[in-house]
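Comments concern the structure below.
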Amino acid sequence: MKIVFLDRNTIGEDIDLSAYYKLGDVTEYGFTSIEEVPQRVKDADVLIINKVPINEKTIGTATNLKLVCVTATGTNNLDKDYLDSRGIAWRNVAGYSTESVAQHTFGMLFYLLEKLRYYDDYVKDGHYINDTLFTHFAERFNQISGMTWGIIGLGAIGRKVADIATAFGAKVIYYSASDAPAQKGYSKVDFETLLSTSDIVSIHAPLNSHTEGLIDKNALSLMQPHTILLNLGRGPIIVEEDLVDALNDNMIAAAGLDVLAMEPMSPNTPLLGVKDTSRLLITPHIGWASVEARTNLMNIICGQIKEFFSL
């Protein structure tokens, strides 16, 4: 069996893939352009990919191909009709990063809520040396306890965040953009209620026709001036130009983004137009990427290959 990794670097070079070498002949490519795919896949039995488009143009030369494994949950890059027409199976992975994304959600929240950038700079810039008081109150912050936390998308990650928020003493409410049946344990509310009553709003929903552009100027105008908005779903759920205006006009207090409309970030992103950068935290889509989550991901895919070939 010939296994080909087309964009191995998207997994991280620190992740051990030795188990795959026990399954057959393995070829690893760090990145693969669309033009390079046909030559690299022509002898492959299994492709392991993340962002590479899989369609007739890219894999038409892959006469031996039997299985495509996506190292992610989303499969928008697969032409599933074409794969079906060729009898080529595909697999993706869900639930491998729930704990990692939930943890990152709170990491972003604490950074913004407790003004950690300001206080770290205050100390490291020497202002705390021989200060008049043992503490410093310049930037106020509040406890999560007693706040209302609104979650958009109560899937596995959203529910994990809800459980942790509850442990901190927050009241959790949620909104389902697809109007899925209410889940036990948390209060389902309409969109306007969630936006207007939440002190913290976190997004954990997939990108689809229900969620694209969901957080726009109108939605942001419903939020309270002290609200912190966190997006750990998909970038295009937020209209970035409208978010910049909301931050600059003090419509909301702060925003934390682990996902952007274009990844990597475009040099023309409107997000560079935020005047007070301390109110905007951006991380480069790392919420899913703890060592444990990436290891779990690759172990699951290895198991999928073994199951498919009855190894």
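By convention in this document, the chains of the structure tokens carry letters A, B, ... by their order, each chain's residues are numbered from 1, and ligands are numbered from 1 in the order they are shown.
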Please provide as a compact mmCIF listing (two decimals) with N, CA, C and O atoms, in the first residue's frame all residues within 9 Å of Leu109 (chain A), with the sequence filter that same-chain residues fewer than 2 positions apart are discarded (counting only C-alpha atoms).
```txt
# COMPACT_ATOMS: atom_id res chain seq x y z
N HIS A 104 -8.55 26.87 24.57
CA HIS A 104 -8.12 28.10 23.91
C HIS A 104 -9.17 29.20 24.04
O HIS A 104 -8.84 30.37 24.14
N THR A 105 -10.44 28.80 24.04
CA THR A 105 -11.52 29.76 24.24
C THR A 105 -11.32 30.52 25.54
O THR A 105 -11.42 31.76 25.59
N PHE A 106 -11.02 29.79 26.60
CA PHE A 106 -10.83 30.44 27.90
C PHE A 106 -9.51 31.19 27.98
O PHE A 106 -9.40 32.22 28.65
N GLY A 107 -8.48 30.69 27.29
CA GLY A 107 -7.23 31.42 27.23
C GLY A 107 -7.43 32.80 26.63
O GLY A 107 -6.92 33.81 27.14
N TYR A 111 -7.29 36.59 28.70
CA TYR A 111 -6.37 37.61 28.19
C TYR A 111 -7.11 38.94 28.02
O TYR A 111 -6.61 40.01 28.41
N LEU A 112 -8.32 38.88 27.46
CA LEU A 112 -9.09 40.09 27.22
C LEU A 112 -9.82 40.58 28.47
O LEU A 112 -9.82 41.77 28.78
N LEU A 113 -10.44 39.65 29.17
CA LEU A 113 -11.25 40.02 30.33
C LEU A 113 -10.42 40.64 31.44
O LEU A 113 -10.79 41.66 32.03
N GLU A 114 -9.27 40.04 31.74
CA GLU A 114 -8.45 40.50 32.85
C GLU A 114 -7.37 41.49 32.42
O GLU A 114 -6.48 41.82 33.22
N ILE A 200 -20.64 37.68 27.51
CA ILE A 200 -19.64 37.02 26.67
C ILE A 200 -20.39 36.25 25.59
O ILE A 200 -21.37 35.57 25.88
N ILE A 228 -17.73 40.84 25.41
CA ILE A 228 -16.54 40.28 24.77
C ILE A 228 -17.01 39.22 23.78
O ILE A 228 -17.76 38.32 24.13
N LEU A 229 -16.56 39.33 22.52
CA LEU A 229 -16.94 38.42 21.45
C LEU A 229 -15.76 37.53 21.10
O LEU A 229 -14.65 38.04 20.86
N LEU A 230 -15.98 36.23 21.05
CA LEU A 230 -14.94 35.27 20.73
C LEU A 230 -15.38 34.41 19.55
O LEU A 230 -16.49 33.88 19.54
N ALA A 255 -12.75 41.75 21.29
CA ALA A 255 -12.99 40.56 20.46
C ALA A 255 -11.73 39.71 20.42
O ALA A 255 -10.61 40.23 20.37
N GLY A 256 -11.93 38.39 20.45
CA GLY A 256 -10.85 37.44 20.28
C GLY A 256 -11.15 36.54 19.10
O GLY A 256 -12.22 35.92 19.04
```
Shell of 9 Å around region 302-307 of chain A, only C-alpha atoms, local chain residues under 3 positions omitted, as a PDB file with C-alpha atoms, in the first residue's frame:
```pdb
ATOM      1  CA  ALA A  19       2.642   4.072  12.810  1.00  0.00           C
ATOM      2  CA  TYR A  20       1.869   4.900   9.173  1.00  0.00           C
ATOM      3  CA  LEU A  23       1.136   0.112   7.060  1.00  0.00           C
ATOM      4  CA  VAL A  46      -4.305   6.423   0.174  1.00  0.00           C
ATOM      5  CA  LEU A  67      -9.187   6.223   0.139  1.00  0.00           C
ATOM      6  CA  CYS A  69      -8.368  10.942   4.538  1.00  0.00           C
ATOM      7  CA  ARG A  91     -12.912   9.917   5.751  1.00  0.00           C
ATOM      8  CA  LEU A 297      -6.211  13.272  15.089  1.00  0.00           C
ATOM      9  CA  MET A 298      -3.460  11.265  13.453  1.00  0.00           C
ATOM     10  CA  ASN A 299      -4.138   8.194  15.603  1.00  0.00           C
ATOM     11  CA  SER A 310      -9.047  -4.682   7.338  1.00  0.00           C
ATOM     12  CA  LEU A 311      -5.490  -4.593   8.659  1.00  0.00           C
TER      13      LEU A 311
END
```
Selection near Leu243 (chain A), 9 Å with only C-alpha atoms, sequence-local residues under 2 positions removed, as a PyMOL selection string: chain A and resi 215-217+220+238-241+245-248+252+255+271+274
Store the residues of this selection in a file with N, CA and C atoms, as a PDB file, in the first residue's frame.
```
ATOM      1  N   ILE A 215     -22.705  37.433  12.153  1.00  0.00           N
ATOM      2  CA  ILE A 215     -22.356  38.541  13.041  1.00  0.00           C
ATOM      3  C   ILE A 215     -21.972  39.740  12.167  1.00  0.00           C
ATOM      4  N   ASP A 216     -22.975  40.528  11.855  1.00  0.00           N
ATOM      5  CA  ASP A 216     -22.782  41.714  11.008  1.00  0.00           C
ATOM      6  C   ASP A 216     -23.083  42.975  11.812  1.00  0.00           C
ATOM      7  N   LYS A 217     -23.204  44.074  11.126  1.00  0.00           N
ATOM      8  CA  LYS A 217     -23.433  45.363  11.788  1.00  0.00           C
ATOM      9  C   LYS A 217     -24.674  45.325  12.664  1.00  0.00           C
ATOM     10  N   LEU A 220     -24.031  43.124  15.793  1.00  0.00           N
ATOM     11  CA  LEU A 220     -23.118  43.785  16.718  1.00  0.00           C
ATOM     12  C   LEU A 220     -23.795  44.943  17.448  1.00  0.00           C
ATOM     13  N   ILE A 238     -18.188  36.076  10.996  1.00  0.00           N
ATOM     14  CA  ILE A 238     -18.159  37.489  11.370  1.00  0.00           C
ATOM     15  C   ILE A 238     -17.812  38.328  10.144  1.00  0.00           C
ATOM     16  N   VAL A 239     -18.549  39.397   9.933  1.00  0.00           N
ATOM     17  CA  VAL A 239     -18.201  40.375   8.897  1.00  0.00           C
ATOM     18  C   VAL A 239     -17.118  41.267   9.491  1.00  0.00           C
ATOM     19  N   GLU A 240     -15.903  41.077   9.051  1.00  0.00           N
ATOM     20  CA  GLU A 240     -14.765  41.711   9.720  1.00  0.00           C
ATOM     21  C   GLU A 240     -14.801  43.237   9.652  1.00  0.00           C
ATOM     22  N   GLU A 241     -15.269  43.778   8.549  1.00  0.00           N
ATOM     23  CA  GLU A 241     -15.371  45.244   8.448  1.00  0.00           C
ATOM     24  C   GLU A 241     -16.319  45.785   9.513  1.00  0.00           C
ATOM     25  N   ASP A 245     -15.585  48.353  12.889  1.00  0.00           N
ATOM     26  CA  ASP A 245     -16.400  49.543  13.209  1.00  0.00           C
ATOM     27  C   ASP A 245     -16.964  49.442  14.623  1.00  0.00           C
ATOM     28  N   ALA A 246     -17.399  48.245  15.010  1.00  0.00           N
ATOM     29  CA  ALA A 246     -17.991  48.056  16.338  1.00  0.00           C
ATOM     30  C   ALA A 246     -16.962  48.309  17.436  1.00  0.00           C
ATOM     31  N   LEU A 247     -15.734  47.858  17.221  1.00  0.00           N
ATOM     32  CA  LEU A 247     -14.680  48.089  18.203  1.00  0.00           C
ATOM     33  C   LEU A 247     -14.286  49.558  18.249  1.00  0.00           C
ATOM     34  N   ASN A 248     -14.145  50.164  17.098  1.00  0.00           N
ATOM     35  CA  ASN A 248     -13.740  51.573  17.053  1.00  0.00           C
ATOM     36  C   ASN A 248     -14.822  52.503  17.590  1.00  0.00           C
ATOM     37  N   ILE A 252     -18.864  47.241  21.339  1.00  0.00           N
ATOM     38  CA  ILE A 252     -18.533  46.108  22.193  1.00  0.00           C
ATOM     39  C   ILE A 252     -17.177  46.392  22.829  1.00  0.00           C
ATOM     40  N   ALA A 255     -12.747  41.745  21.291  1.00  0.00           N
ATOM     41  CA  ALA A 255     -12.986  40.563  20.465  1.00  0.00           C
ATOM     42  C   ALA A 255     -11.734  39.711  20.423  1.00  0.00           C
ATOM     43  N   LEU A 271      -9.032  44.183   9.678  1.00  0.00           N
ATOM     44  CA  LEU A 271      -8.740  44.075  11.107  1.00  0.00           C
ATOM     45  C   LEU A 271      -7.557  44.939  11.530  1.00  0.00           C
ATOM     46  N   VAL A 274      -8.276  48.455  13.460  1.00  0.00           N
ATOM     47  CA  VAL A 274      -8.726  48.655  14.839  1.00  0.00           C
ATOM     48  C   VAL A 274      -7.779  49.632  15.533  1.00  0.00           C
TER      49      VAL A 274
END
```
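Excluding Asp81 (chain A) itself and same-chain residues fewer than 4 positions from it, the residues having an atom within 12 Å of it are A:Ile54, A:Asn55, A:Glu56, A:Asn77, A:Ser85, A:Arg86, A:Gly87, A:Ile88, A:Ala89, A:Trp90, counting only C-alpha atoms.
One finds CA of Glu28 (chain A) at 8.5 Å from CA of Ile3 (chain A).
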Which of region 46-239 of chain A fall in strand (DSSP E or B), as a VMD selection string: chain A and resid 46 to 49 54 67 to 70 78 89 to 91 148 to 152 171 to 175 187 to 188 200 to 203 215 228 to 231 238
